[in-house]
file start.csv (CSV, C-alpha atoms)
chain,number,residue,atom,x,y,z
C,1,MET,CA,-11.6,12.5,-6.2
C,2,THR,CA,-8.7,11.0,-4.2
C,3,PHE,CA,-8.5,10.4,-0.5
C,4,ALA,CA,-5.7,13.0,-0.4
C,5,THR,CA,-8.2,15.6,-1.5
C,6,ILE,CA,-10.9,14.5,0.9
C,7,SER,CA,-8.6,14.0,3.9
C,8,PRO,CA,-5.6,16.4,3.8
C,9,THR,CA,-4.7,15.6,7.4
C,10,PHE,CA,-4.2,12.2,9.0
C,11,GLN,CA,-5.9,11.9,12.3
C,12,ALA,CA,-5.9,8.1,12.6
C,13,ALA,CA,-6.8,6.4,15.9
C,14,ARG,CA,-3.3,5.2,16.3
C,15,THR,CA,0.1,5.4,14.6
C,16,ILE,CA,0.5,3.0,11.7
C,17,ASP,CA,4.3,2.6,11.4
C,18,THR,CA,4.8,1.8,7.7
C,19,ALA,CA,8.5,2.7,7.8
C,20,GLY,CA,9.5,0.1,10.3
C,21,THR,CA,10.5,2.6,13.0
C,22,ALA,CA,9.2,3.1,16.4
C,23,PRO,CA,6.2,5.5,16.6
C,24,ASP,CA,6.9,9.0,17.9
C,25,PRO,CA,6.2,8.8,21.7
C,26,GLY,CA,4.7,12.3,21.4
C,27,GLN,CA,2.0,11.2,19.0
C,28,PRO,CA,-1.4,10.6,20.6
C,29,HIS,CA,-2.5,7.0,20.5
C,30,PRO,CA,-5.4,5.2,22.2
C,31,PRO,CA,-5.1,2.5,24.8
C,32,THR,CA,-4.8,-1.1,23.7
C,33,ASN,CA,-8.5,-1.6,24.3
C,34,PRO,CA,-10.3,0.6,21.7
C,35,THR,CA,-13.6,0.9,23.5
C,36,ALA,CA,-14.6,1.9,27.0
C,37,ALA,CA,-17.8,0.0,26.9
C,38,VAL,CA,-17.8,-3.4,28.6
C,39,ASP,CA,-20.3,-6.1,29.2
C,40,GLY,CA,-21.6,-7.2,32.6
C,41,ALA,CA,-18.5,-9.4,33.1
C,42,GLY,CA,-16.1,-6.5,32.3
C,43,ARG,CA,-15.3,-7.8,28.8
C,44,VAL,CA,-15.3,-5.8,25.6
C,45,SER,CA,-17.2,-7.6,22.8
C,46,CYS,CA,-15.6,-8.1,19.3
C,47,ARG,CA,-18.6,-6.2,17.9
C,48,GLN,CA,-18.0,-3.2,20.2
C,49,ALA,CA,-14.3,-3.2,19.4
C,50,ALA,CA,-14.9,-3.3,15.6
C,51,SER,CA,-17.4,-0.5,15.7
C,52,ALA,CA,-15.2,1.7,17.9
C,53,LEU,CA,-12.2,1.2,15.6
C,54,LEU,CA,-14.0,2.6,12.6
C,55,GLN,CA,-15.4,5.5,14.6
C,56,VAL,CA,-12.0,7.0,15.3
C,57,GLY,CA,-10.1,9.2,12.9
C,58,VAL,CA,-13.0,9.8,10.5
C,59,PRO,CA,-12.3,13.4,9.2
C,60,GLU,CA,-15.7,13.8,7.5
C,61,ARG,CA,-18.5,11.9,5.9
C,62,ARG,CA,-17.4,9.9,2.9
C,63,ARG,CA,-19.1,7.7,0.4
C,64,VAL,CA,-18.0,4.0,0.4
C,65,ALA,CA,-19.2,1.4,-2.0
C,66,VAL,CA,-19.2,-2.2,-0.7
C,67,ALA,CA,-19.7,-5.5,-2.6
C,68,ALA,CA,-18.9,-9.2,-2.2
C,69,ASP,CA,-19.3,-12.2,-4.5
C,70,LYS,CA,-21.8,-13.7,-2.2
C,71,VAL,CA,-23.9,-12.9,0.9
C,72,THR,CA,-21.6,-13.1,3.9
C,73,ALA,CA,-21.9,-12.1,7.6
C,74,LEU,CA,-18.6,-10.2,7.3
C,75,ALA,CA,-19.9,-7.9,4.5
C,76,ALA,CA,-23.0,-7.2,6.5
C,77,ARG,CA,-21.0,-6.3,9.6
C,78,ILE,CA,-18.6,-4.0,7.6
C,79,VAL,CA,-21.6,-2.2,6.1
C,80,ARG,CA,-23.2,-1.7,9.5
C,81,ASP,CA,-20.0,-0.6,11.2
C,82,LEU,CA,-19.2,1.9,8.5
C,83,GLN,CA,-22.6,3.3,8.8
C,84,LEU,CA,-22.3,3.6,12.5
C,85,ALA,CA,-19.0,5.4,12.0
C,86,GLY,CA,-20.7,8.0,9.9
C,87,TYR,CA,-19.9,6.9,6.4
C,88,ASP,CA,-22.4,7.0,3.6
C,89,VAL,CA,-22.4,3.3,2.4
C,90,ASP,CA,-23.7,2.1,-0.9
C,91,TYR,CA,-24.0,-1.7,-0.4
C,92,LEU,CA,-24.2,-3.5,-3.8
C,93,PRO,CA,-25.4,-6.9,-2.7
C,94,PRO,CA,-24.8,-10.1,-4.8
C,95,PRO,CA,-27.7,-12.3,-6.0
C,96,THR,CA,-29.5,-13.9,-3.1
C,97,PRO,CA,-31.0,-17.4,-3.1
C,98,ASP,CA,-34.7,-17.6,-3.7
C,99,ASP,CA,-34.8,-21.4,-3.4
C,100,GLU,CA,-32.7,-24.3,-2.2
C,101,ALA,CA,-31.5,-25.0,-5.8
C,102,PHE,CA,-29.8,-21.5,-6.0
C,103,THR,CA,-26.0,-21.5,-6.6
C,104,VAL,CA,-23.7,-18.5,-6.7
C,105,PRO,CA,-22.8,-17.7,-10.3
C,106,VAL,CA,-19.2,-18.7,-11.1
C,107,ASP,CA,-18.5,-15.1,-12.3
C,108,ALA,CA,-20.1,-13.4,-9.3
C,109,TRP,CA,-16.6,-12.0,-8.3
C,110,VAL,CA,-16.3,-10.3,-11.6
C,111,HIS,CA,-19.7,-8.6,-11.3
C,112,ALA,CA,-19.0,-7.5,-7.7
C,113,ALA,CA,-15.7,-6.0,-8.7
C,114,ALA,CA,-17.3,-4.2,-11.7
C,115,LEU,CA,-20.0,-2.6,-9.5
C,116,VAL,CA,-17.6,-1.2,-7.0
C,117,GLY,CA,-14.9,-0.3,-9.5
C,118,ARG,CA,-17.2,1.7,-11.7
C,119,ALA,CA,-18.8,3.4,-8.7
C,120,VAL,CA,-15.3,4.6,-7.7
C,121,VAL,CA,-14.0,5.7,-11.1
C,122,ASP,CA,-17.4,7.4,-11.9
C,123,ARG,CA,-17.0,9.3,-8.5
C,124,ARG,CA,-20.3,7.9,-7.2
C,125,ALA,CA,-18.1,6.6,-4.3
C,126,ASP,CA,-14.9,8.0,-2.8
C,127,ALA,CA,-13.7,4.6,-1.8
C,128,GLY,CA,-14.6,0.9,-2.3
C,129,VAL,CA,-14.5,-2.3,-0.3
C,130,LEU,CA,-14.6,-5.7,-2.0
C,131,LEU,CA,-14.7,-9.2,-0.6
C,132,CYS,CA,-14.4,-12.7,-1.9
C,133,PHE,CA,-13.1,-15.9,-0.5
C,134,THR,CA,-9.4,-15.2,-1.0
C,135,GLY,CA,-9.7,-11.6,-2.2
C,136,THR,CA,-7.6,-12.3,-5.3
C,137,GLY,CA,-10.5,-12.7,-7.7
C,138,VAL,CA,-12.1,-9.3,-7.0
C,139,SER,CA,-8.7,-7.7,-7.0
C,140,ILE,CA,-7.9,-9.0,-10.4
C,141,ALA,CA,-11.3,-8.0,-11.9
C,142,ALA,CA,-11.4,-4.6,-10.3
C,143,ASN,CA,-7.9,-3.7,-11.5
C,144,LYS,CA,-9.0,-4.3,-15.1
C,145,ILE,CA,-11.0,-1.1,-14.8
C,146,PRO,CA,-8.8,2.0,-15.7
C,147,GLY,CA,-8.5,4.2,-12.7
C,148,VAL,CA,-9.0,1.5,-10.2
C,149,ARG,CA,-6.2,0.8,-7.7
C,150,ALA,CA,-7.5,-2.2,-5.7
C,151,ALA,CA,-5.2,-3.4,-2.9
C,152,LEU,CA,-5.7,-6.8,-1.2
C,153,CYS,CA,-5.0,-6.1,2.5
C,154,ALA,CA,-4.6,-8.6,5.3
C,155,ASP,CA,-3.5,-6.1,8.0
C,156,ALA,CA,-3.6,-2.5,8.9
C,157,VAL,CA,0.0,-1.8,8.0
C,158,THR,CA,-0.5,-3.1,4.5
C,159,ALA,CA,-3.7,-1.0,4.2
C,160,ALA,CA,-1.9,2.2,5.3
C,161,GLY,CA,1.0,1.5,2.9
C,162,SER,CA,-1.4,0.9,0.0
C,163,ARG,CA,-2.9,4.4,0.6
C,164,ARG,CA,0.3,6.2,1.4
C,165,TRP,CA,2.5,4.9,-1.5
C,166,HIS,CA,0.0,3.8,-4.1
C,167,ASP,CA,-3.1,6.0,-3.5
C,168,ALA,CA,-5.2,2.8,-3.5
C,169,ASN,CA,-8.9,3.5,-3.9
C,170,ILE,CA,-10.4,0.1,-3.2
C,171,CYS,CA,-9.6,-2.1,-0.2
C,172,VAL,CA,-10.0,-5.8,-0.8
C,173,LEU,CA,-10.6,-8.3,2.0
C,174,SER,CA,-10.6,-12.1,2.1
C,175,TYR,CA,-13.5,-13.3,4.1
C,176,ARG,CA,-11.6,-16.6,4.7
C,177,LEU,CA,-8.8,-14.7,6.5
C,178,VAL,CA,-10.1,-11.7,8.4
C,179,THR,CA,-12.5,-11.4,11.3
C,180,ALA,CA,-14.8,-8.4,11.8
C,181,THR,CA,-12.4,-6.8,14.2
C,182,VAL,CA,-9.4,-7.2,11.9
C,183,ALA,CA,-11.5,-5.9,9.0
C,184,ALA,CA,-12.3,-2.8,11.1
C,185,GLU,CA,-8.6,-2.3,11.8
C,186,ILE,CA,-7.7,-2.6,8.1
C,187,LEU,CA,-10.5,-0.2,7.0
C,188,GLN,CA,-9.7,2.3,9.7
C,189,ALA,CA,-6.1,2.5,8.4
C,190,PHE,CA,-7.2,2.5,4.7
C,191,LEU,CA,-9.9,5.2,5.1
C,192,THR,CA,-7.9,7.6,7.2
C,193,THR,CA,-4.4,7.4,5.6
C,194,PRO,CA,-3.7,10.1,2.9
C,195,ALA,CA,-1.6,9.5,-0.1
C,196,ASP,CA,1.9,11.0,-0.1
C,197,PRO,CA,2.3,13.8,-2.6
C,198,ASP,CA,5.3,11.9,-4.1
C,199,THR,CA,2.9,9.4,-5.6
C,200,THR,CA,1.9,11.8,-8.3
C,201,HIS,CA,4.7,10.8,-10.7
C,202,ALA,CA,4.1,7.1,-10.1
C,203,LEU,CA,0.4,7.4,-10.7
C,204,ALA,CA,1.2,9.2,-14.0
C,205,SER,CA,3.4,6.2,-15.0
C,206,LEU,CA,0.6,3.8,-14.0
C,207,ALA,CA,-1.9,5.8,-16.1
C,208,ALA,CA,0.5,5.5,-19.1
C,209,LEU,CA,0.7,1.8,-18.5
C,210,GLU,CA,-3.1,1.5,-18.6
C,211,GLU,CA,-3.2,3.4,-21.9
C,212,GLY,CA,-0.5,1.2,-23.4
C,213,ARG,CA,2.1,4.0,-23.6
call {"tool": "encode", "arguments": {"input": "start.csv", "output": "structure tokens"}}
result
Amino acid sequence: MTFATISPTFQAARTIDTAGTAPDPGQPHPPTNPTAAVDGAGRVSCRQAASALLQVGVPERRRVAVAADKVTALAARIVRDLQLAGYDVDYLPPPTPDDEAFTVPVDAWVHAAALVGRAVVDRRADAGVLLCFTGTGVSIAANKIPGVRAALCADAVTAAGSRRWHDANICVLSYRLVTATVAAEILQAFLTTPADPDTTHALASLAALEEGR
């Protein structure tokens, strides 16, 4: 199941301009501040902002598989914010330390990528989110699985483009680079942008490449 099937219309919180042109002034867009809730000093917290970003433009409930190569605060925040936004989240946590001598396995990024990649291609999840230190390891591993199109995204425009032009089905994040608020912006764009119909021919060529034809 592709995102284009799940979400035939794009109702994102704001216009993501992947063509490099100015957005249509007639298009609705939210104010710069994505939340109306403020603290006692009149400030919007990063947590409120991240949660609000993910709650806009969600066309319907969708299953999202999430994994990282180690336990991180960012992964936990992403899981929680997706759940608050109405997504069905399958969190596939990495091994956790049971004593001080525990060390993360050197191939943890491979296992994390396999868990999410197989969940997506087996249609147990409609989309995936992967995290590792740079994001490159889980990207490489996930893209070894036929049918996976994992895109390493550092900003919302890249995320929207990966969906629109490549029908990406896994969003990869670097927990070295992105904050919870930036991650929410990236995922909001990724999860609400449909693939262009013109991607069909390109995806057929990609499938032939996977099959060695």
call {"tool": "closest_residue", "arguments": {"input": "start.csv", "among": "C:Val106, C:Val66, C:Leu84, C:Val182", "to": "Leu130 of chain C", "atoms": "all atoms listed in the file"}}
result
C:Val66
call {"tool": "atom_distance", "arguments": {"input": "start.csv", "atom1": "atom CA of Leu82 of chain C", "atom2": "atom CA of His166 of chain C"}}
result
23.0 Å
call {"tool": "atom_distance", "arguments": {"input": "start.csv", "atom1": "atom CA of Val121 of chain C", "atom2": "atom CA of Arg149 of chain C"}}
result
9.8 Å
call {"tool": "atom_distance", "arguments": {"input": "start.csv", "atom1": "atom CA of Val79 of chain C", "atom2": "atom CA of Ala184 of chain C"}}
result
10.6 Å
call {"tool": "residues_around", "arguments": {"input": "start.csv", "residues": "Val178 of chain C", "least_positions_apart": "3", "cutoff": "10 Å", "atoms": "only C-alpha atoms", "output": "number ranges by chain"}}
result
C: 74, 153-155, 173-175, 181-184, 186
call {"tool": "write_last_selection", "arguments": {"input": "start.csv", "atoms": "C-alpha atoms", "output": "tab-separated table (two decimals), in the coordinates of the input"}}
result
chain	number	residue	atom	x	y	z
C	74	LEU	CA	-18.60	-10.20	7.30
C	153	CYS	CA	-5.00	-6.10	2.50
C	154	ALA	CA	-4.60	-8.60	5.30
C	155	ASP	CA	-3.50	-6.10	8.00
C	173	LEU	CA	-10.60	-8.30	2.00
C	174	SER	CA	-10.60	-12.10	2.10
C	175	TYR	CA	-13.50	-13.30	4.10
C	181	THR	CA	-12.40	-6.80	14.20
C	182	VAL	CA	-9.40	-7.20	11.90
C	183	ALA	CA	-11.50	-5.90	9.00
C	184	ALA	CA	-12.30	-2.80	11.10
C	186	ILE	CA	-7.70	-2.60	8.10
call {"tool": "residues_around", "arguments": {"input": "start.csv", "residues": "Val71 of chain C", "least_positions_apart": "2", "cutoff": "12 Å", "atoms": "all atoms listed in the file", "output": "count of residues only"}}
result
25
call {"tool": "residues_around", "arguments": {"input": "start.csv", "residues": "Arg62 of chain C", "least_positions_apart": "2", "cutoff": "7 Å", "atoms": "all atoms listed in the file", "output": "PyMOL selection string"}}
result
chain C and resi 60+64+87-88+126
call {"tool": "write_last_selection", "arguments": {"input": "start.csv", "atoms": "C-alpha atoms", "output": "short mmCIF file (atom, residue, chain, number, x, y, z; two decimals), in the coordinates of the input"}}
result
data_model
loop_
_atom_site.label_atom_id
_atom_site.label_comp_id
_atom_site.auth_asym_id
_atom_site.auth_seq_id
_atom_site.Cartn_x
_atom_site.Cartn_y
_atom_site.Cartn_z
CA GLU C 60 -15.70 13.80 7.50
CA VAL C 64 -18.00 4.00 0.40
CA TYR C 87 -19.90 6.90 6.40
CA ASP C 88 -22.40 7.00 3.60
CA ASP C 126 -14.90 8.00 -2.80
#
call {"tool": "residues_near_point", "arguments": {"input": "start.csv", "point": "(-5.1, 5.8, -3.4)", "cutoff": "12 Å", "atoms": "all atoms listed in the file", "output": "PDB file with C-alpha atoms, in the coordinates of the input"}}
result
ATOM      1  CA  MET C   1     -11.600  12.500  -6.200  1.00  0.00           C
ATOM      2  CA  THR C   2      -8.700  11.000  -4.200  1.00  0.00           C
ATOM      3  CA  PHE C   3      -8.500  10.400  -0.500  1.00  0.00           C
ATOM      4  CA  ALA C   4      -5.700  13.000  -0.400  1.00  0.00           C
ATOM      5  CA  THR C   5      -8.200  15.600  -1.500  1.00  0.00           C
ATOM      6  CA  ILE C   6     -10.900  14.500   0.900  1.00  0.00           C
ATOM      7  CA  SER C   7      -8.600  14.000   3.900  1.00  0.00           C
ATOM      8  CA  VAL C 120     -15.300   4.600  -7.700  1.00  0.00           C
ATOM      9  CA  VAL C 121     -14.000   5.700 -11.100  1.00  0.00           C
ATOM     10  CA  ASP C 126     -14.900   8.000  -2.800  1.00  0.00           C
ATOM     11  CA  ALA C 127     -13.700   4.600  -1.800  1.00  0.00           C
ATOM     12  CA  GLY C 128     -14.600   0.900  -2.300  1.00  0.00           C
ATOM     13  CA  GLY C 147      -8.500   4.200 -12.700  1.00  0.00           C
ATOM     14  CA  VAL C 148      -9.000   1.500 -10.200  1.00  0.00           C
ATOM     15  CA  ARG C 149      -6.200   0.800  -7.700  1.00  0.00           C
ATOM     16  CA  ALA C 150      -7.500  -2.200  -5.700  1.00  0.00           C
ATOM     17  CA  ALA C 151      -5.200  -3.400  -2.900  1.00  0.00           C
ATOM     18  CA  ALA C 159      -3.700  -1.000   4.200  1.00  0.00           C
ATOM     19  CA  ALA C 160      -1.900   2.200   5.300  1.00  0.00           C
ATOM     20  CA  GLY C 161       1.000   1.500   2.900  1.00  0.00           C
ATOM     21  CA  SER C 162      -1.400   0.900   0.000  1.00  0.00           C
ATOM     22  CA  ARG C 163      -2.900   4.400   0.600  1.00  0.00           C
ATOM     23  CA  ARG C 164       0.300   6.200   1.400  1.00  0.00           C
ATOM     24  CA  TRP C 165       2.500   4.900  -1.500  1.00  0.00           C
ATOM     25  CA  HIS C 166       0.000   3.800  -4.100  1.00  0.00           C
ATOM     26  CA  ASP C 167      -3.100   6.000  -3.500  1.00  0.00           C
ATOM     27  CA  ALA C 168      -5.200   2.800  -3.500  1.00  0.00           C
ATOM     28  CA  ASN C 169      -8.900   3.500  -3.900  1.00  0.00           C
ATOM     29  CA  ILE C 170     -10.400   0.100  -3.200  1.00  0.00           C
ATOM     30  CA  CYS C 171      -9.600  -2.100  -0.200  1.00  0.00           C
ATOM     31  CA  PHE C 190      -7.200   2.500   4.700  1.00  0.00           C
ATOM     32  CA  LEU C 191      -9.900   5.200   5.100  1.00  0.00           C
ATOM     33  CA  THR C 192      -7.900   7.600   7.200  1.00  0.00           C
ATOM     34  CA  THR C 193      -4.400   7.400   5.600  1.00  0.00           C
ATOM     35  CA  PRO C 194      -3.700  10.100   2.900  1.00  0.00           C
ATOM     36  CA  ALA C 195      -1.600   9.500  -0.100  1.00  0.00           C
ATOM     37  CA  ASP C 196       1.900  11.000  -0.100  1.00  0.00           C
ATOM     38  CA  PRO C 197       2.300  13.800  -2.600  1.00  0.00           C
ATOM     39  CA  THR C 199       2.900   9.400  -5.600  1.00  0.00           C
ATOM     40  CA  THR C 200       1.900  11.800  -8.300  1.00  0.00           C
ATOM     41  CA  ALA C 202       4.100   7.100 -10.100  1.00  0.00           C
ATOM     42  CA  LEU C 203       0.400   7.400 -10.700  1.00  0.00           C
TER      43      LEU C 203
END
call {"tool": "closest_residue", "arguments": {"input": "start.csv", "among": "C:Asn143, C:Ala208, C:Val129, C:Ala156", "to": "Ile78 of chain C", "atoms": "all atoms listed in the file"}}
result
C:Val129
call {"tool": "closest_residue", "arguments": {"input": "start.csv", "among": "C:Ile140, C:Val110, C:Ala85, C:Asp122", "to": "Leu152 of chain C", "atoms": "only C-alpha atoms"}}
result
C:Ile140
